[in-house]
file upload_21.cif (mmCIF, C-alpha atoms)
data_work
#
loop_
_atom_site.label_atom_id
_atom_site.label_comp_id
_atom_site.auth_asym_id
_atom_site.auth_seq_id
_atom_site.Cartn_x
_atom_site.Cartn_y
_atom_site.Cartn_z
CA MET A 1 0.00 0.00 0.00
CA LYS A 2 1.34 3.45 -0.95
CA VAL A 3 0.65 5.92 1.87
CA LEU A 4 0.92 9.71 2.13
CA LEU A 5 1.24 11.19 5.63
CA ILE A 6 0.29 14.85 6.11
CA GLY A 7 2.08 16.82 8.85
CA SER A 8 5.44 17.89 10.25
CA GLY A 9 5.33 17.50 14.05
CA GLY A 10 6.25 14.99 16.72
CA ARG A 11 2.88 13.28 16.33
CA GLU A 12 3.55 12.74 12.63
CA HIS A 13 7.09 11.46 13.28
CA ALA A 14 5.60 8.88 15.67
CA LEU A 15 2.96 7.90 13.08
CA ALA A 16 5.63 7.65 10.34
CA TRP A 17 7.85 5.51 12.58
CA LYS A 18 4.98 3.13 13.31
CA LEU A 19 3.59 3.04 9.75
CA ALA A 20 7.08 2.29 8.39
CA GLN A 21 7.06 -0.97 10.39
CA SER A 22 3.98 -2.30 8.54
CA PRO A 23 4.52 -5.29 6.25
CA ARG A 24 1.59 -3.98 4.18
CA LEU A 25 3.43 -0.76 3.32
CA THR A 26 5.10 -0.48 -0.10
CA ALA A 27 6.00 3.23 0.04
CA LEU A 28 5.56 6.01 2.60
CA TYR A 29 5.54 9.66 1.55
CA ALA A 30 5.23 12.64 3.88
CA ALA A 31 4.49 16.35 3.44
CA PRO A 32 5.85 18.67 4.64
CA GLY A 33 7.72 16.33 7.03
CA ASN A 34 10.78 17.07 9.16
CA PRO A 35 14.31 15.58 9.49
CA GLY A 36 13.05 12.80 11.79
CA ILE A 37 10.20 11.87 9.45
CA ALA A 38 12.73 11.87 6.58
CA GLU A 39 14.37 8.81 8.19
CA GLU A 40 11.11 6.88 7.69
CA ALA A 41 9.47 8.42 4.61
CA ILE A 42 10.12 10.12 1.27
CA ILE A 43 9.58 13.86 1.86
CA VAL A 44 7.57 15.53 -0.89
CA ASP A 45 7.16 19.22 -1.58
CA ILE A 46 3.39 19.83 -1.63
CA ASP A 47 1.49 22.75 -0.16
CA THR A 48 -0.62 20.78 2.33
CA ALA A 49 -2.97 23.77 2.68
CA ASP A 50 -3.85 23.37 -1.04
CA ASN A 51 -6.35 20.51 -1.08
CA ALA A 52 -6.33 20.27 -4.89
CA ALA A 53 -2.52 20.01 -4.94
CA VAL A 54 -2.60 17.14 -2.43
CA LEU A 55 -5.21 15.31 -4.55
CA ALA A 56 -3.16 15.88 -7.73
CA PHE A 57 -0.07 14.39 -6.06
CA CYS A 58 -2.07 11.35 -4.90
CA ARG A 59 -3.31 10.73 -8.44
CA LYS A 60 0.15 11.23 -9.98
CA GLU A 61 1.83 8.80 -7.55
CA ALA A 62 -1.13 6.35 -7.33
CA ILE A 63 -1.40 6.84 -3.56
CA ASP A 64 -3.73 4.26 -1.97
CA PHE A 65 -4.24 5.90 1.40
CA VAL A 66 -3.72 9.30 3.05
CA VAL A 67 -3.22 9.73 6.80
CA VAL A 68 -3.85 13.30 7.97
CA GLY A 69 -1.98 14.13 11.19
CA PRO A 70 -2.92 17.70 12.25
CA GLU A 71 -6.33 19.27 12.76
CA ALA A 72 -6.07 22.34 10.50
CA PRO A 73 -6.20 20.45 7.14
CA LEU A 74 -9.17 18.41 8.42
CA VAL A 75 -11.11 21.52 9.46
CA ALA A 76 -10.22 22.96 6.02
CA GLY A 77 -11.83 19.97 4.27
CA LEU A 78 -8.81 18.02 2.99
CA ALA A 79 -10.47 14.68 3.77
CA ASP A 80 -13.56 15.73 1.77
CA THR A 81 -11.47 16.65 -1.29
CA LEU A 82 -9.58 13.34 -1.20
CA ARG A 83 -12.69 11.21 -0.62
CA ASN A 84 -14.54 12.98 -3.41
CA GLY A 85 -11.50 12.23 -5.58
CA GLY A 86 -11.67 8.51 -4.81
CA ILE A 87 -8.74 8.39 -2.37
CA ALA A 88 -9.12 6.56 0.97
CA VAL A 89 -8.28 8.94 3.83
CA PHE A 90 -7.91 8.67 7.59
CA GLY A 91 -9.58 11.71 9.10
CA PRO A 92 -13.05 13.26 9.40
CA SER A 93 -14.95 15.46 6.97
CA ALA A 94 -14.88 19.22 7.56
CA ALA A 95 -18.41 18.98 8.99
CA ALA A 96 -17.39 16.27 11.48
CA ALA A 97 -14.10 18.05 12.27
CA GLN A 98 -16.18 20.82 13.85
CA LEU A 99 -15.93 18.67 16.99
CA GLU A 100 -12.48 20.25 17.31
CA GLY A 101 -12.90 23.27 15.05
CA SER A 102 -15.68 24.76 17.20
CA LYS A 103 -15.86 24.35 20.98
CA GLY A 104 -19.45 25.66 20.83
CA PHE A 105 -20.46 23.01 18.26
CA THR A 106 -19.17 20.27 20.58
CA LYS A 107 -20.98 21.68 23.61
CA ASP A 108 -24.21 21.84 21.60
CA ILE A 109 -23.78 18.16 20.58
CA CYS A 110 -23.22 17.27 24.25
CA ALA A 111 -26.37 19.15 25.27
CA LYS A 112 -28.47 17.52 22.52
CA TYR A 113 -27.33 13.93 23.20
CA ASP A 114 -26.97 14.07 27.01
CA ILE A 115 -23.20 13.68 27.05
CA PRO A 116 -21.75 14.62 30.48
CA THR A 117 -19.83 17.90 30.33
CA GLY A 118 -19.61 21.24 32.18
CA ALA A 119 -22.51 23.73 31.92
CA TYR A 120 -21.76 26.45 29.36
CA GLN A 121 -22.81 29.54 27.43
CA ARG A 122 -21.62 30.86 24.02
CA PHE A 123 -20.83 34.55 23.43
CA THR A 124 -19.93 36.71 20.41
CA SER A 125 -19.08 39.88 22.36
CA ALA A 126 -17.22 40.69 25.57
CA GLU A 127 -19.77 42.41 27.83
CA PRO A 128 -22.43 39.65 27.95
CA ALA A 129 -19.63 37.11 28.55
CA LYS A 130 -18.26 39.20 31.42
CA ALA A 131 -21.74 39.62 32.94
CA TYR A 132 -22.22 35.84 32.85
CA ILE A 133 -18.79 35.29 34.44
CA ARG A 134 -19.56 37.75 37.26
CA GLN A 135 -22.83 35.93 37.86
CA GLN A 136 -21.15 32.47 37.92
CA GLY A 137 -17.98 33.42 39.81
CA ALA A 138 -14.54 31.75 39.68
CA PRO A 139 -13.00 29.29 39.09
CA ILE A 140 -14.38 29.19 35.55
CA VAL A 141 -13.10 28.23 32.09
CA ILE A 142 -12.86 30.54 29.05
CA LYS A 143 -12.27 29.02 25.61
CA ALA A 144 -11.70 30.60 22.21
CA ASP A 145 -14.24 28.78 20.02
CA GLY A 146 -11.91 27.96 17.13
CA LEU A 147 -8.49 26.38 16.58
CA ALA A 148 -5.79 28.09 18.65
CA ALA A 149 -2.94 25.52 18.63
CA GLY A 150 -3.78 24.33 22.14
CA LYS A 151 -3.40 27.82 23.62
CA GLY A 152 -6.96 29.21 23.49
CA VAL A 153 -8.14 27.88 26.85
CA THR A 154 -7.86 29.72 30.18
CA VAL A 155 -8.69 27.93 33.41
CA ALA A 156 -9.32 31.09 35.44
CA MET A 157 -8.98 30.72 39.20
CA THR A 158 -9.95 34.37 39.83
CA LEU A 159 -12.59 36.72 38.41
CA ASP A 160 -9.95 39.13 37.09
CA GLU A 161 -8.16 36.34 35.26
CA ALA A 162 -11.44 35.27 33.66
CA LEU A 163 -12.34 38.81 32.55
CA ASP A 164 -8.83 39.31 31.13
CA ALA A 165 -9.17 36.04 29.18
CA VAL A 166 -12.40 37.30 27.58
CA ASP A 167 -10.67 40.56 26.57
CA SER A 168 -7.75 38.57 25.20
CA CYS A 169 -10.03 36.48 22.95
CA PHE A 170 -12.06 39.39 21.62
CA SER A 171 -9.00 41.64 21.13
CA GLY A 172 -7.66 39.24 18.49
CA THR A 173 -4.95 37.33 20.41
CA PHE A 174 -6.16 34.10 18.78
CA GLY A 175 -7.25 35.64 15.48
CA ALA A 176 -10.52 34.36 14.05
CA ALA A 177 -10.53 31.54 16.63
CA GLY A 178 -11.48 34.08 19.33
CA ALA A 179 -14.40 35.68 17.48
CA GLU A 180 -16.70 33.54 19.60
CA VAL A 181 -16.06 32.49 23.21
CA VAL A 182 -17.38 29.56 25.21
CA VAL A 183 -17.57 30.09 28.97
CA GLU A 184 -18.03 26.88 30.92
CA ALA A 185 -18.11 25.50 34.44
CA TYR A 186 -14.84 24.50 36.06
CA LEU A 187 -14.66 20.73 36.49
CA ASP A 188 -12.71 19.44 39.47
CA GLY A 189 -10.87 16.14 39.19
CA GLU A 190 -8.03 14.44 37.34
CA GLU A 191 -7.57 14.90 33.60
CA ALA A 192 -7.04 12.05 31.16
CA SER A 193 -6.77 11.69 27.40
CA PHE A 194 -8.73 8.83 25.83
CA PHE A 195 -8.49 7.73 22.19
CA CYS A 196 -10.86 5.76 19.93
CA LEU A 197 -10.82 4.90 16.27
CA CYS A 198 -14.19 5.48 14.56
CA ASP A 199 -15.53 4.50 11.15
CA GLY A 200 -18.83 6.39 11.31
CA LYS A 201 -20.74 3.68 13.16
CA THR A 202 -18.26 1.62 15.19
CA ALA A 203 -15.84 2.88 17.85
CA LEU A 204 -12.72 0.91 18.81
CA ALA A 205 -11.17 1.94 22.13
CA LEU A 206 -7.42 2.44 21.86
CA ALA A 207 -5.58 3.53 25.00
CA SER A 208 -5.41 6.29 27.58
CA ALA A 209 -2.69 8.82 28.33
CA GLN A 210 -2.11 11.80 30.57
CA ASP A 211 -0.75 15.06 29.17
CA HIS A 212 1.01 17.89 31.02
CA LYS A 213 -0.30 21.17 29.63
CA ARG A 214 1.36 23.75 31.89
CA VAL A 215 4.82 24.93 30.92
CA GLY A 216 6.44 24.63 34.36
CA ASP A 217 7.19 21.98 36.96
CA GLY A 218 4.38 21.42 39.45
CA ASP A 219 1.82 22.30 36.73
CA THR A 220 2.66 26.01 36.91
CA GLY A 221 2.71 28.74 34.28
CA PRO A 222 0.68 29.16 31.08
CA ASN A 223 -0.92 26.38 29.07
CA THR A 224 1.06 24.95 26.14
CA GLY A 225 0.41 22.41 23.42
CA GLY A 226 1.73 19.81 25.89
CA MET A 227 5.07 19.41 27.69
CA GLY A 228 5.02 15.63 28.06
CA ALA A 229 2.74 12.63 28.43
CA TYR A 230 2.60 9.03 29.56
CA SER A 231 0.42 6.01 28.85
CA PRO A 232 -1.56 4.32 30.27
CA ALA A 233 -3.25 6.79 32.65
CA PRO A 234 -3.87 4.94 35.95
CA VAL A 235 -7.06 6.96 36.55
CA MET A 236 -8.59 5.27 33.46
CA THR A 237 -9.51 1.99 35.15
CA PRO A 238 -11.43 -0.68 33.15
CA ASP A 239 -14.64 0.62 34.76
CA MET A 240 -13.83 4.22 33.79
CA VAL A 241 -13.06 3.13 30.20
CA GLU A 242 -16.40 1.29 30.02
CA ARG A 243 -18.29 4.34 31.34
CA THR A 244 -16.45 6.64 28.92
CA MET A 245 -17.39 4.46 25.97
CA ARG A 246 -21.02 4.10 27.08
CA ASP A 247 -21.73 7.66 28.27
CA ILE A 248 -19.48 9.79 26.05
CA ILE A 249 -18.00 8.09 22.95
CA GLU A 250 -20.93 5.97 21.75
CA PRO A 251 -23.56 8.76 22.14
CA THR A 252 -21.21 11.08 20.23
CA ILE A 253 -20.76 8.62 17.34
CA ALA A 254 -24.53 8.04 17.20
CA GLY A 255 -25.25 11.77 17.54
CA MET A 256 -22.85 12.75 14.77
CA ALA A 257 -24.38 10.16 12.42
CA ASP A 258 -27.87 11.35 13.41
CA SER A 259 -26.82 14.95 12.68
CA GLY A 260 -25.72 13.96 9.17
CA HIS A 261 -21.97 14.25 9.95
CA PRO A 262 -20.77 10.66 10.57
CA PHE A 263 -17.37 10.74 12.24
CA THR A 264 -14.44 8.76 10.87
CA GLY A 265 -10.87 8.95 12.09
CA VAL A 266 -9.55 9.18 15.63
CA LEU A 267 -11.68 10.72 18.36
CA PHE A 268 -9.54 12.13 21.16
CA ALA A 269 -11.61 12.82 24.26
CA GLY A 270 -10.10 15.17 26.81
CA LEU A 271 -11.73 13.97 30.03
CA MET A 272 -12.05 15.15 33.60
CA ILE A 273 -12.57 12.28 36.00
CA THR A 274 -14.82 13.92 38.60
CA ALA A 275 -16.65 12.58 41.66
CA LYS A 276 -19.57 11.90 39.28
CA GLY A 277 -17.41 9.95 36.80
CA PRO A 278 -15.93 10.88 33.40
CA GLU A 279 -17.00 14.24 31.95
CA LEU A 280 -15.97 15.64 28.58
CA ILE A 281 -13.71 18.71 28.58
CA GLU A 282 -13.29 18.80 24.79
CA TYR A 283 -12.86 16.68 21.68
CA ASN A 284 -9.99 16.67 19.24
CA VAL A 285 -10.30 14.97 15.86
CA ARG A 286 -6.69 13.78 15.55
CA PHE A 287 -4.13 12.05 17.72
CA GLY A 288 -2.84 14.10 20.63
CA ASP A 289 0.61 15.59 20.51
CA PRO A 290 2.57 14.43 22.58
CA GLU A 291 0.14 11.61 23.51
CA CYS A 292 0.50 9.98 20.07
CA GLN A 293 4.19 9.40 20.75
CA VAL A 294 3.53 7.25 23.82
CA LEU A 295 0.60 5.43 22.18
CA MET A 296 2.72 4.43 19.17
CA MET A 297 5.47 3.12 21.49
CA ARG A 298 2.91 0.91 23.29
CA LEU A 299 0.92 -0.26 20.25
CA LYS A 300 1.74 -3.89 19.48
CA SER A 301 -0.55 -4.19 16.44
CA ASP A 302 0.24 -3.03 12.93
CA LEU A 303 -1.01 0.58 12.74
CA LEU A 304 -1.73 0.66 9.00
CA PRO A 305 -4.67 -1.82 8.88
CA LEU A 306 -6.19 -0.17 11.97
CA LEU A 307 -6.23 3.27 10.34
CA TYR A 308 -7.40 1.82 7.02
CA ALA A 309 -10.30 -0.01 8.73
CA ALA A 310 -11.41 3.30 10.31
CA ALA A 311 -11.26 4.96 6.88
CA THR A 312 -13.17 2.21 5.06
CA GLY A 313 -15.97 1.32 7.51
CA THR A 314 -14.54 -2.07 8.57
CA LEU A 315 -13.55 -1.41 12.21
CA ALA A 316 -15.99 -4.00 13.58
CA SER A 317 -13.74 -6.78 12.24
CA ILE A 318 -10.44 -5.60 13.79
CA SER A 319 -8.86 -5.20 17.23
CA ALA A 320 -5.77 -3.54 18.70
CA GLU A 321 -3.15 -5.15 20.95
CA TRP A 322 -1.09 -3.16 23.45
CA ARG A 323 2.12 -3.72 25.33
CA ASP A 324 1.71 -3.91 29.10
CA GLU A 325 4.67 -1.58 29.70
CA ALA A 326 4.27 2.13 30.28
CA ALA A 327 5.63 4.75 27.88
CA LEU A 328 6.60 8.32 28.76
CA THR A 329 7.67 11.26 26.60
CA VAL A 330 9.30 14.54 27.62
CA VAL A 331 9.03 17.58 25.35
CA MET A 332 12.13 19.70 24.86
CA ALA A 333 11.05 23.21 23.90
CA SER A 334 12.77 26.45 22.86
CA LYS A 335 13.44 28.83 25.76
CA GLY A 336 10.62 31.38 25.89
CA TYR A 337 7.90 28.96 24.71
CA PRO A 338 4.86 29.30 24.81
CA GLY A 339 5.77 32.98 24.33
CA ALA A 340 8.30 34.36 21.84
CA TYR A 341 11.41 32.24 21.23
CA GLU A 342 14.52 32.32 19.09
CA LYS A 343 14.45 30.20 15.92
CA ASN A 344 17.19 28.24 14.12
CA THR A 345 19.22 27.53 17.26
CA PRO A 346 21.66 24.61 16.73
CA ILE A 347 21.07 21.18 18.27
CA ALA A 348 24.59 19.81 18.63
CA ARG A 349 23.82 16.25 19.74
CA LEU A 350 21.02 13.71 20.11
CA PRO A 351 21.18 10.46 22.13
CA GLU A 352 23.05 7.57 20.52
CA ALA A 353 20.94 5.17 18.48
CA GLY A 354 20.32 1.95 20.37
CA THR A 355 19.62 3.63 23.69
CA ASN A 356 16.39 2.60 25.39
CA ALA A 357 14.61 5.67 24.03
CA LYS A 358 13.31 7.15 20.80
CA VAL A 359 13.61 10.85 19.95
CA PHE A 360 10.72 12.09 17.84
CA HIS A 361 11.36 15.34 15.98
CA ALA A 362 8.71 18.04 16.33
CA GLY A 363 10.06 21.48 15.36
CA THR A 364 13.38 20.75 13.63
CA ALA A 365 15.03 21.41 10.27
CA LEU A 366 18.38 20.88 8.59
CA LYS A 367 20.23 24.10 7.69
CA ASP A 368 23.53 23.54 5.85
CA GLY A 369 23.76 20.06 7.35
CA GLN A 370 23.17 21.29 10.91
CA LEU A 371 20.09 20.20 12.86
CA VAL A 372 18.34 23.32 14.17
CA ALA A 373 15.26 24.07 16.27
CA THR A 374 12.57 25.85 14.27
CA GLY A 375 9.53 25.53 16.55
CA GLY A 376 8.34 26.03 20.11
CA ARG A 377 8.14 22.33 20.89
CA VAL A 378 11.17 20.75 19.26
CA LEU A 379 12.01 17.23 20.45
CA ASN A 380 10.02 14.44 22.17
CA VAL A 381 12.32 12.11 24.11
CA THR A 382 10.30 8.92 24.61
CA ALA A 383 10.98 5.68 26.48
CA MET A 384 9.30 2.51 27.72
CA GLY A 385 9.49 0.90 31.16
CA SER A 386 7.84 -1.72 33.36
CA THR A 387 6.33 1.19 35.35
CA VAL A 388 5.83 4.89 34.66
CA SER A 389 8.72 5.57 37.08
CA ALA A 390 11.03 3.30 35.07
CA ALA A 391 9.93 4.86 31.76
CA LYS A 392 10.51 8.31 33.24
CA ASP A 393 14.04 7.42 34.36
CA SER A 394 14.91 6.08 30.89
CA ALA A 395 13.46 9.11 29.12
CA TYR A 396 15.34 11.64 31.28
CA THR A 397 18.58 9.64 31.00
CA ALA A 398 18.31 9.93 27.22
CA LEU A 399 17.21 13.56 27.38
CA ASP A 400 20.29 14.48 29.38
CA GLN A 401 22.40 13.36 26.41
CA VAL A 402 20.83 16.04 24.19
CA GLU A 403 23.13 19.00 23.60
CA TRP A 404 21.01 22.04 22.78
CA ASP A 405 21.78 25.29 24.60
CA ASN A 406 18.41 26.90 23.85
CA GLY A 407 16.31 23.94 25.00
CA PHE A 408 14.39 23.41 28.23
CA CYS A 409 11.96 20.84 29.62
CA ARG A 410 9.86 20.00 32.63
CA ARG A 411 11.59 17.57 35.02
CA ASP A 412 8.41 16.14 36.56
CA ILE A 413 6.56 14.47 33.67
CA GLY A 414 4.50 11.56 34.99
CA TRP A 415 4.38 12.87 38.56
CA GLN A 416 0.80 11.77 39.25
CA ALA A 417 1.49 8.17 38.22
CA VAL A 418 4.86 8.17 40.02
CA GLU A 419 3.12 9.28 43.23
CA ARG A 420 0.59 6.45 42.82
CA GLU A 421 3.37 3.91 42.28
CA LYS A 422 5.07 5.01 45.52
CA ALA A 423 1.86 4.66 47.54
#
call {"tool": "encode", "arguments": {"input": "upload_21.cif", "output": "structure tokens"}}
result
Amino acid sequence: MKVLLIGSGGREHALAWKLAQSPRLTALYAAPGNPGIAEEAIIVDIDTADNAAVLAFCRKEAIDFVVVGPEAPLVAGLADTLRNGGIAVFGPSAAAAQLEGSKGFTKDICAKYDIPTGAYQRFTSAEPAKAYIRQQGAPIVIKADGLAAGKGVTVAMTLDEALDAVDSCFSGTFGAAGAEVVVEAYLDGEEASFFCLCDGKTALALASAQDHKRVGDGDTGPNTGGMGAYSPAPVMTPDMVERTMRDIIEPTIAGMADSGHPFTGVLFAGLMITAKGPELIEYNVRFGDPECQVLMMRLKSDLLPLLYAAATGTLASISAEWRDEAALTVVMASKGYPGAYEKNTPIARLPEAGTNAKVFHAGTALKDGQLVATGGRVLNVTAMGSTVSAAKDSAYTALDQVEWDNGFCRRDIGWQAVEREKA
């Protein structure tokens, strides 16, 4: 099978690494890719924001299957263009991708189909939003409605912080994504990420993970796209997985089909495990980043037939096998992230091949033969272990071999699971 992978981040490097292991693969192409992905795939120069150009390439190279990594091309309708052109594609239609593209759309689906989530209101101007916030009090959550690269959410612990977040959205900090704001109740509990493959009618549970959104140790500082993750998440017990499937995932799949937007691809549920059970914080319509990295390390099954079954309506006949070991990834980011940071800083050294870890490239490039950091989140140092503690030790041992003066990381990834393991 000839496969084209769309994307250039750590998530896509992990997908490329796993897809490249498939005996069913005859050729793997990637666009725009990165130096890590280039070790697994043929990098092709296509404008991935030009849906027609992607389709033309697929026809020219007789591509059998396209795997779309990031959310933006899905929200922009790339999957629709490819499907209409007769190409099998992993990823939802633009209409179904609204589950990530619009926080308000998702909350309305939850309300209509009785999916447990925080109470909410939608606003298109600042003053009514502020009046509602004053009425509700803090803590409270303010979300830019559209795509904001993981940075459009403020969990406000004070009234002033909440009011400032509203001003920030409507003043254009997040561009068009902040033209509408969702204000919702603060949910108290432990967060978890849960992933399912969907083919429009069937949902196949994959695995759980826990992400670390805050930039600093001890979960301090601003939210980021994710500073590290581990899998599995101990809070996602078999009972919690069953309840999540029954109360959240299955009603969503049925509701989307009922609404005329059947969902195919990967459904990533950001959950809060509260005293009442699992509640939905938000949906994403692609693999998490950096959660994908730990999922791919733990996945025993061949990834390619799993993704193809989701794309072709045949998920009911397939299952996924997982390694029992834990996996943990630590993000190395450019100093200053998630704010302004210097680009093109040299990365002098990566861990030796053969160490008990895998480095997935996220924001890297080659300039005159030198590996440089081009993004905010740059490297994902990932390792396996019999426990989360063991995986953490292996990951940080490898990370400490990286020579990059402008890089930083959190030193406490996996702390919740490590605390549990000590108890």
call {"tool": "closest_residue", "arguments": {"input": "upload_21.cif", "among": "A:Glu321, A:Glu282, A:Asp258, A:Glu100", "to": "Leu206 (chain A)", "atoms": "all atoms listed in the file"}}
result
A:Glu321
call {"tool": "resolve_selection", "arguments": {"input": "upload_21.cif", "expression": "the PyMOL selection byres ((chain A and resi 366) around 12)", "output": "ChimeraX atom specification"}}
result
/A:33-36,38,344-348,361,363-365,367-374
call {"tool": "atom_distance", "arguments": {"input": "upload_21.cif", "atom1": "CA of Pro139 (chain A)", "atom2": "CA of Val183 (chain A)"}}
result
11.1 Å
call {"tool": "closest_atom_pairs", "arguments": {"input": "upload_21.cif", "of": "region 22-110 of chain A", "to": "region 164-182 of chain A", "cutoff": "9 Å", "atoms": "only C-alpha atoms", "output": "CSV"}}
result
residue,atom,partner,partner_atom,distance
A:Gly101,CA,A:Ala177,CA,8.7
A:Ser102,CA,A:Ala177,CA,8.5
A:Lys103,CA,A:Val182,CA,6.9
A:Gly104,CA,A:Val182,CA,6.2
A:Lys107,CA,A:Val182,CA,8.8
call {"tool": "closest_atom_pairs", "arguments": {"input": "upload_21.cif", "of": "region 45-144 of chain A", "to": "region 298-318 of chain A", "cutoff": "9 Å", "atoms": "all atoms listed in the file", "output": "JSON lines"}}
result
{"residue": "A:Phe65", "atom": "CA", "partner": "A:Tyr308", "partner_atom": "CA", "distance": 7.6}
{"residue": "A:Val67", "atom": "CA", "partner": "A:Leu307", "partner_atom": "CA", "distance": 8.0}
{"residue": "A:Ala88", "atom": "CA", "partner": "A:Ala311", "partner_atom": "CA", "distance": 6.5}
{"residue": "A:Val89", "atom": "CA", "partner": "A:Ala311", "partner_atom": "CA", "distance": 5.8}
{"residue": "A:Phe90", "atom": "CA", "partner": "A:Ala311", "partner_atom": "CA", "distance": 5.0}
{"residue": "A:Gly91", "atom": "CA", "partner": "A:Ala311", "partner_atom": "CA", "distance": 7.3}
{"residue": "A:Pro92", "atom": "CA", "partner": "A:Ala311", "partner_atom": "CA", "distance": 8.9}
call {"tool": "residues_around", "arguments": {"input": "upload_21.cif", "residues": "Val381 (chain A)", "least_positions_apart": "5", "cutoff": "7 Å", "atoms": "only C-alpha atoms", "output": "mmCIF file with C-alpha atoms, in the frame of the given file"}}
result
data_model
loop_
_atom_site.group_PDB
_atom_site.id
_atom_site.type_symbol
_atom_site.label_atom_id
_atom_site.label_comp_id
_atom_site.auth_asym_id
_atom_site.auth_seq_id
_atom_site.Cartn_x
_atom_site.Cartn_y
_atom_site.Cartn_z
ATOM 1 C CA THR A 329 7.670 11.260 26.600
ATOM 2 C CA VAL A 330 9.300 14.540 27.620
ATOM 3 C CA VAL A 331 9.030 17.580 25.350
ATOM 4 C CA ALA A 357 14.610 5.670 24.030
ATOM 5 C CA LYS A 358 13.310 7.150 20.800
ATOM 6 C CA VAL A 359 13.610 10.850 19.950
ATOM 7 C CA PHE A 360 10.720 12.090 17.840
ATOM 8 C CA ALA A 395 13.460 9.110 29.120
ATOM 9 C CA LEU A 399 17.210 13.560 27.380
#
call {"tool": "resolve_selection", "arguments": {"input": "upload_21.cif", "expression": "the PyMOL selection byres ((chain A and resi 119) around 9)", "output": "list in words"}}
result
Lys107, Ala111, Thr117, Gly118, Tyr120, Gln121, Val183, Glu184, Ala185 and Tyr186 of chain A
call {"tool": "decode", "arguments": {"input": "upload_21.cif", "residues": "region 48-91 of chain A", "atoms": "C-alpha atoms", "output": "PDB file, in the first residue's frame"}}
result
ATOM      1  CA  THR A  48      -0.623  20.780   2.330  1.00  0.00           C
ATOM      2  CA  ALA A  49      -2.971  23.768   2.677  1.00  0.00           C
ATOM      3  CA  ASP A  50      -3.849  23.370  -1.037  1.00  0.00           C
ATOM      4  CA  ASN A  51      -6.354  20.509  -1.083  1.00  0.00           C
ATOM      5  CA  ALA A  52      -6.328  20.268  -4.888  1.00  0.00           C
ATOM      6  CA  ALA A  53      -2.517  20.012  -4.944  1.00  0.00           C
ATOM      7  CA  VAL A  54      -2.596  17.144  -2.426  1.00  0.00           C
ATOM      8  CA  LEU A  55      -5.207  15.308  -4.545  1.00  0.00           C
ATOM      9  CA  ALA A  56      -3.158  15.881  -7.726  1.00  0.00           C
ATOM     10  CA  PHE A  57      -0.065  14.390  -6.060  1.00  0.00           C
ATOM     11  CA  CYS A  58      -2.067  11.352  -4.901  1.00  0.00           C
ATOM     12  CA  ARG A  59      -3.307  10.730  -8.440  1.00  0.00           C
ATOM     13  CA  LYS A  60       0.147  11.226  -9.978  1.00  0.00           C
ATOM     14  CA  GLU A  61       1.829   8.803  -7.554  1.00  0.00           C
ATOM     15  CA  ALA A  62      -1.127   6.354  -7.327  1.00  0.00           C
ATOM     16  CA  ILE A  63      -1.397   6.843  -3.557  1.00  0.00           C
ATOM     17  CA  ASP A  64      -3.726   4.262  -1.968  1.00  0.00           C
ATOM     18  CA  PHE A  65      -4.237   5.899   1.405  1.00  0.00           C
ATOM     19  CA  VAL A  66      -3.720   9.303   3.047  1.00  0.00           C
ATOM     20  CA  VAL A  67      -3.216   9.729   6.805  1.00  0.00           C
ATOM     21  CA  VAL A  68      -3.854  13.305   7.973  1.00  0.00           C
ATOM     22  CA  GLY A  69      -1.981  14.125  11.190  1.00  0.00           C
ATOM     23  CA  PRO A  70      -2.918  17.701  12.250  1.00  0.00           C
ATOM     24  CA  GLU A  71      -6.331  19.268  12.762  1.00  0.00           C
ATOM     25  CA  ALA A  72      -6.072  22.342  10.496  1.00  0.00           C
ATOM     26  CA  PRO A  73      -6.199  20.445   7.136  1.00  0.00           C
ATOM     27  CA  LEU A  74      -9.168  18.413   8.424  1.00  0.00           C
ATOM     28  CA  VAL A  75     -11.106  21.525   9.461  1.00  0.00           C
ATOM     29  CA  ALA A  76     -10.217  22.963   6.020  1.00  0.00           C
ATOM     30  CA  GLY A  77     -11.827  19.971   4.267  1.00  0.00           C
ATOM     31  CA  LEU A  78      -8.805  18.025   2.995  1.00  0.00           C
ATOM     32  CA  ALA A  79     -10.474  14.685   3.768  1.00  0.00           C
ATOM     33  CA  ASP A  80     -13.558  15.726   1.766  1.00  0.00           C
ATOM     34  CA  THR A  81     -11.466  16.655  -1.288  1.00  0.00           C
ATOM     35  CA  LEU A  82      -9.585  13.341  -1.196  1.00  0.00           C
ATOM     36  CA  ARG A  83     -12.690  11.209  -0.621  1.00  0.00           C
ATOM     37  CA  ASN A  84     -14.535  12.976  -3.412  1.00  0.00           C
ATOM     38  CA  GLY A  85     -11.502  12.232  -5.584  1.00  0.00           C
ATOM     39  CA  GLY A  86     -11.672   8.515  -4.811  1.00  0.00           C
ATOM     40  CA  ILE A  87      -8.741   8.394  -2.370  1.00  0.00           C
ATOM     41  CA  ALA A  88      -9.119   6.559   0.968  1.00  0.00           C
ATOM     42  CA  VAL A  89      -8.279   8.939   3.825  1.00  0.00           C
ATOM     43  CA  PHE A  90      -7.908   8.673   7.590  1.00  0.00           C
ATOM     44  CA  GLY A  91      -9.584  11.711   9.104  1.00  0.00           C
TER      45      GLY A  91
END
